[in-house]
>>> print(open('start15.txt').read())   # compact mmCIF, C-alpha atoms
# COMPACT_ATOMS: atom_id res chain seq x y z
CA MET P 4 -26.44 -103.24 93.94
CA PHE P 5 -24.99 -100.99 96.64
CA ASP P 6 -24.39 -97.24 96.55
CA THR P 7 -21.04 -95.80 97.71
CA ARG P 8 -21.70 -92.10 97.09
CA GLU P 9 -21.95 -91.33 100.82
CA LEU P 10 -18.28 -92.27 101.20
CA GLY P 11 -17.37 -89.39 98.88
CA ARG P 12 -14.02 -90.86 97.79
CA ARG P 13 -12.46 -89.80 101.07
CA PRO P 14 -9.85 -92.43 102.05
CA GLY P 15 -10.69 -93.71 105.50
CA ALA P 16 -14.42 -92.96 105.22
CA LEU P 17 -16.46 -95.86 106.57
CA LYS P 18 -20.06 -96.98 106.24
CA ARG P 19 -21.81 -100.02 107.70
CA VAL P 20 -24.77 -101.55 105.87
CA SER P 21 -27.18 -104.32 106.91
CA ARG P 22 -29.62 -105.55 104.33
CA SER P 23 -31.72 -108.59 103.51
CA VAL P 24 -31.67 -109.66 99.86
CA GLU P 25 -33.26 -112.53 97.93
CA ALA P 26 -31.02 -115.38 96.83
CA PRO P 27 -30.35 -115.58 93.09
CA ARG P 28 -30.82 -118.77 91.07
CA ASP P 29 -28.33 -121.63 91.33
CA LEU P 30 -26.63 -120.44 94.51
CA GLY P 31 -25.02 -123.72 95.49
CA ASN P 32 -23.85 -127.03 94.08
CA GLU P 33 -25.61 -130.23 92.99
CA VAL P 34 -26.18 -131.45 96.56
CA ILE P 35 -26.81 -128.35 98.68
CA GLY P 36 -27.51 -124.65 98.23
CA VAL P 37 -29.59 -121.59 99.06
CA PRO P 38 -33.08 -121.89 97.52
CA GLU P 39 -33.90 -119.22 94.96
CA GLY P 40 -35.67 -116.27 96.58
CA ALA P 41 -34.68 -117.26 100.14
CA PRO P 42 -33.51 -114.36 102.31
CA ILE P 43 -29.78 -113.70 102.71
CA GLU P 44 -28.86 -111.38 105.59
CA LEU P 45 -25.89 -109.18 104.69
CA ASP P 46 -23.72 -107.25 107.16
CA LEU P 47 -21.29 -105.08 105.20
CA ARG P 48 -18.47 -102.69 106.01
CA LEU P 49 -17.69 -100.29 103.16
CA GLU P 50 -14.35 -98.52 103.49
CA SER P 51 -13.05 -95.89 101.08
CA VAL P 52 -9.40 -96.35 100.09
CA MET P 53 -7.17 -94.60 97.54
CA ASP P 54 -8.19 -96.67 94.51
CA GLY P 55 -11.74 -97.66 95.38
CA VAL P 56 -13.98 -99.16 98.04
CA LEU P 57 -13.02 -102.16 100.16
CA VAL P 58 -16.09 -104.26 100.98
CA THR P 59 -15.88 -106.66 103.91
CA GLY P 60 -18.88 -108.62 105.06
CA THR P 61 -20.79 -111.73 105.98
CA GLY P 62 -23.78 -113.33 104.30
CA ARG P 63 -26.08 -115.52 106.42
CA ALA P 64 -28.60 -117.84 104.84
CA THR P 65 -30.40 -121.15 105.30
CA VAL P 66 -29.12 -123.80 102.94
CA LYS P 67 -31.10 -126.88 101.97
CA GLY P 68 -29.99 -130.13 100.41
CA GLU P 69 -29.72 -133.82 101.09
CA CYS P 70 -27.37 -136.03 103.05
CA VAL P 71 -24.87 -137.73 100.73
CA ARG P 72 -24.97 -140.90 102.84
CA CYS P 73 -28.69 -141.53 103.45
CA LEU P 74 -30.32 -139.03 101.02
CA GLU P 75 -32.49 -137.50 103.79
CA PRO P 76 -33.29 -133.79 103.39
CA LEU P 77 -31.22 -131.45 105.54
CA GLU P 78 -31.26 -127.76 106.42
CA ARG P 79 -28.45 -125.67 107.91
CA GLN P 80 -27.48 -122.09 108.70
CA LEU P 81 -24.50 -120.93 106.67
CA ASP P 82 -22.22 -117.95 107.28
CA ALA P 83 -20.09 -116.89 104.32
CA ASP P 84 -17.38 -114.26 104.89
CA PHE P 85 -15.92 -112.23 102.05
CA GLN P 86 -13.71 -109.25 101.28
CA GLU P 87 -13.43 -107.58 97.89
CA MET P 88 -11.96 -104.39 96.45
CA PHE P 89 -14.10 -102.45 93.97
CA ALA P 90 -11.88 -100.01 92.07
CA TYR P 91 -12.88 -96.54 90.86
CA PRO P 92 -13.16 -96.44 87.03
CA ASP P 93 -10.44 -93.77 86.82
CA ALA P 94 -8.16 -95.99 88.92
CA ASP P 95 -7.98 -98.31 85.89
CA ALA P 96 -4.67 -96.78 84.67
CA ARG P 97 -3.08 -97.04 88.14
CA VAL P 98 -4.24 -100.68 88.45
CA HIS P 99 -2.54 -101.49 85.11
CA GLU P 100 0.71 -99.83 86.21
CA ASP P 101 0.75 -101.64 89.57
CA ALA P 102 -0.12 -104.99 88.04
CA GLY P 103 2.44 -104.68 85.26
CA ASP P 104 -0.28 -105.19 82.62
CA ASP P 105 -0.94 -108.73 83.84
CA ALA P 106 -4.04 -109.92 81.96
CA GLU P 107 -5.22 -112.17 84.81
CA ASP P 108 -5.12 -109.33 87.35
CA GLU P 109 -7.08 -107.14 84.95
CA GLU P 110 -9.82 -109.78 84.61
CA ASP P 111 -10.06 -110.23 88.39
CA THR P 112 -10.45 -106.51 89.10
CA LEU P 113 -13.99 -105.39 89.90
CA PHE P 114 -14.98 -101.78 89.22
CA LEU P 115 -17.57 -99.38 90.56
CA GLU P 116 -20.08 -98.17 87.98
CA ASP P 117 -21.64 -94.78 88.76
CA ASP P 118 -20.55 -95.26 92.38
CA LEU P 119 -22.51 -98.55 92.51
CA PHE P 120 -21.19 -102.06 92.92
CA ASP P 121 -22.83 -105.42 92.26
CA LEU P 122 -22.19 -107.80 95.15
CA GLU P 123 -23.76 -110.89 93.54
CA PRO P 124 -20.59 -112.42 91.99
CA VAL P 125 -18.64 -111.92 95.23
CA LEU P 126 -21.47 -113.33 97.35
CA ARG P 127 -21.91 -116.29 94.99
CA ASP P 128 -18.21 -117.20 95.22
CA ALA P 129 -18.22 -116.86 99.02
CA VAL P 130 -21.35 -118.98 99.54
CA VAL P 131 -20.31 -121.75 97.15
CA LEU P 132 -16.86 -121.98 98.77
CA ALA P 133 -18.42 -122.11 102.27
CA LEU P 134 -20.80 -124.97 101.38
CA PRO P 135 -19.82 -128.46 102.51
CA MET P 136 -18.75 -130.67 99.59
CA GLN P 137 -20.18 -133.80 101.27
CA PRO P 138 -23.08 -132.66 103.51
CA VAL P 139 -24.34 -135.19 106.04
CA CYS P 140 -27.41 -135.11 108.28
CA GLN P 141 -25.21 -136.03 111.25
CA ASP P 142 -21.50 -136.73 111.56
CA ASP P 143 -22.00 -140.43 112.32
CA CYS P 144 -24.71 -141.07 109.71
CA PRO P 145 -24.39 -144.77 108.77
CA GLY P 146 -26.00 -144.27 105.34
CA LEU P 147 -28.01 -146.84 103.42
CA CYS P 148 -27.74 -150.63 103.23
CA SER P 149 -25.77 -151.48 100.11
CA ASP P 150 -27.92 -154.57 99.50
CA CYS P 151 -31.50 -153.34 99.97
CA GLY P 152 -31.25 -149.56 100.41
CA VAL P 153 -32.86 -149.34 103.87
CA ARG P 154 -31.76 -146.36 106.00
CA LEU P 155 -29.41 -147.82 108.63
CA ALA P 156 -30.07 -145.06 111.19
CA ASP P 157 -33.72 -146.24 111.37
CA ASP P 158 -32.71 -149.90 111.87
CA PRO P 159 -29.29 -150.14 113.59
CA ASP P 160 -29.48 -153.96 113.85
CA HIS P 161 -30.19 -154.37 110.12
CA HIS P 162 -27.99 -156.96 108.39
CA HIS P 163 -28.00 -159.61 105.70
CA ASP P 164 -26.55 -163.10 106.04
CA ALA P 165 -23.76 -162.64 103.57
CA VAL P 166 -22.52 -165.64 101.64
CA ASP P 167 -18.95 -165.50 100.45
CA ILE P 168 -19.25 -165.81 96.68
CA ARG P 169 -16.12 -168.00 96.61
CA TRP P 170 -18.04 -170.71 98.51
CA ALA P 171 -21.48 -170.22 96.92
CA ALA P 172 -20.99 -172.99 94.32
CA LEU P 173 -20.00 -175.50 97.00
CA GLN P 174 -23.16 -174.75 99.00
CA GLY P 175 -25.25 -175.93 96.05
CA LEU P 176 -23.11 -179.05 95.73
CA ALA P 177 -23.45 -179.90 99.43
CA GLY P 178 -27.24 -180.02 99.10
CA THR P 179 -27.13 -182.63 96.27
CA VAL P 180 -25.05 -185.27 98.09
CA LYS P 181 -27.27 -187.62 100.13
CA ASP P 182 -26.23 -189.64 103.16
CA GLY P 183 -26.48 -192.94 101.29
CA GLU P 184 -24.15 -191.70 98.58
CA LYS P 185 -21.55 -190.84 101.20
CA ASP P 186 -21.67 -194.42 102.55
CA ASN P 187 -21.37 -195.94 99.05
CA MET P 188 -18.40 -193.73 98.33
CA GLY P 189 -16.82 -194.86 101.56
CA GLY P 190 -17.41 -198.55 100.64
CA ALA P 191 -16.02 -198.04 97.17
CA GLU P 192 -12.90 -196.47 98.59
CA ALA P 193 -12.52 -199.41 100.99
CA GLY P 194 -12.86 -201.89 98.09
CA VAL P 195 -10.17 -200.07 96.14
CA ASP P 196 -7.86 -200.26 99.13
CA GLU P 197 -8.45 -204.04 99.42
CA LYS P 198 -7.67 -204.60 95.72
CA GLN P 199 -4.49 -202.61 96.01
CA GLU P 200 -3.37 -204.73 98.97
CA LYS P 201 -3.88 -207.98 96.94
>>> encode(input="start15.txt", output="structure tokens")
Amino acid sequence: MFDTRELGRRPGALKRVSRSVEAPRDLGNEVIGVPEGAPIELDLRLESVMDGVLVTGTGRATVKGECVRCLEPLERQLDADFQEMFAYPDADARVHEDAGDDAEDEEDTLFLEDDLFDLEPVLRDAVVLALPMQPVCQDDCPGLCSDCGVRLADDPDHHHDAVDIRWAALQGLAGTVKDGEKDNMGGAEAGVDEKQEK
């Protein structure tokens, strides 16, 4: 929660705020996010305008997660920029007139309560949107071997002698034919040719 009373509802009044806050629960997605209780450094610019307070700022935090290719843990610095208008409660009527009573605009409008505003929903949206959807430990991470699961970055020469499944049945057949059988087959074919000539 942040206090705007010092601005005094004077359009053009400006206040800069720097504060460190603890990260709320579930600030991230399934793969990467800000751990609960980790510090988030906020640099804010609060500007009084006709209908409320315009808040512009940046949140900086360390995010932790795992690489989507090799599942190794990773840690990064994240900067999330945001800008949001918090309307005065008595500006409610003017907001309705300007918006033409659009229900969606009404739901999206954030209001000051007793000259205080709650930055958490705005910060949450900004951080989640700034997070990478597919975080990787390094841009050229080769991932894991699809056959055995070994991490390919640790063993660049790792490979398996792949057998084309279309030929796998013939490999078993080739092992059952013995050299003598090949000769007999050759002799049988020759005998057939002789009979056909007679």
>>> closest_residue(input="start15.txt", among="P:Asn32, P:Ser51, P:Thr61, P:Gln137", to="Phe89 of chain P", atoms="only C-alpha atoms")
P:Ser51
>>> residues_near_point(input="start15.txt", point="(-24.7, -98.8, 104.1)", cutoff="9 Å", atoms="only C-alpha atoms", output="list in words")
Phe5, Asp6, Thr7, Glu9, Lys18, Arg19, Val20, Ser21, Arg22, Leu47, Arg48 and Leu49 of chain P
>>> closest_residue(input="start15.txt", among="P:Val139, P:Leu10, P:Val131, P:Val37", to="Val56 of chain P", atoms="only C-alpha atoms")
P:Leu10
>>> residues_around(input="start15.txt", residues="Leu74 of chain P", least_positions_apart="4", cutoff="10 Å", atoms="all atoms listed in the file", output="list in words")
Val34, Gly68, Glu69, Cys70, Pro138, Val139, Cys140, Gly146, Leu147 and Arg154 of chain P
>>> closest_residue(input="start15.txt", among="P:Leu176, P:Leu122, P:Arg8, P:Asp143", to="Leu155 of chain P", atoms="only C-alpha atoms")
P:Asp143
>>> closest_residue(input="start15.txt", among="P:Gly60, P:Asp121, P:Met4, P:Leu134", to="Gly36 of chain P", atoms="only C-alpha atoms")
P:Leu134
>>> residues_around(input="start15.txt", residues="Leu126 of chain P", least_positions_apart="3", cutoff="9 Å", atoms="only C-alpha atoms", output="list in words")
Thr61, Gly62, Ala83, Asp84, Phe85, Leu122, Glu123, Ala129, Val130 and Val131 of chain P
>>> atom_distance(input="start15.txt", atom1="atom CA of Pro145 of chain P", atom2="atom CA of Pro159 of chain P")
8.7 Å
>>> atom_distance(input="start15.txt", atom1="atom CA of Gly31 of chain P", atom2="atom CA of Arg127 of chain P")
8.1 Å
>>> atom_distance(input="start15.txt", atom1="atom CA of Pro135 of chain P", atom2="atom CA of Arg72 of chain P")
13.5 Å
>>> closest_residue(input="start15.txt", among="P:Gly11, P:Gly40, P:Pro124, P:Pro76", to="Met53 of chain P", atoms="only C-alpha atoms")
P:Gly11
>>> closest_residue(input="start15.txt", among="P:Leu115, P:Leu17, P:Val125, P:Val66", to="Glu39 of chain P", atoms="all atoms listed in the file")
P:Val66
>>> residues_around(input="start15.txt", residues="Ala41 of chain P", least_positions_apart="2", cutoff="8 Å", atoms="only C-alpha atoms", output="number ranges by chain")
P: 25-26, 37-39, 43, 64-65
>>> write_last_selection(input="start15.txt", atoms="C-alpha atoms", output="mmCIF file, keeping the file's coordinate frame")
data_model
loop_
_atom_site.group_PDB
_atom_site.id
_atom_site.type_symbol
_atom_site.label_atom_id
_atom_site.label_comp_id
_atom_site.auth_asym_id
_atom_site.auth_seq_id
_atom_site.Cartn_x
_atom_site.Cartn_y
_atom_site.Cartn_z
ATOM 1 C CA GLU P 25 -33.260 -112.530 97.930
ATOM 2 C CA ALA P 26 -31.020 -115.380 96.830
ATOM 3 C CA VAL P 37 -29.590 -121.590 99.060
ATOM 4 C CA PRO P 38 -33.080 -121.890 97.520
ATOM 5 C CA GLU P 39 -33.900 -119.220 94.960
ATOM 6 C CA ILE P 43 -29.780 -113.700 102.710
ATOM 7 C CA ALA P 64 -28.600 -117.840 104.840
ATOM 8 C CA THR P 65 -30.400 -121.150 105.300
#
>>> residues_around(input="start15.txt", residues="Val24 of chain P", least_positions_apart="5", cutoff="8 Å", atoms="only C-alpha atoms", output="PyMOL selection string")
chain P and resi 42-45
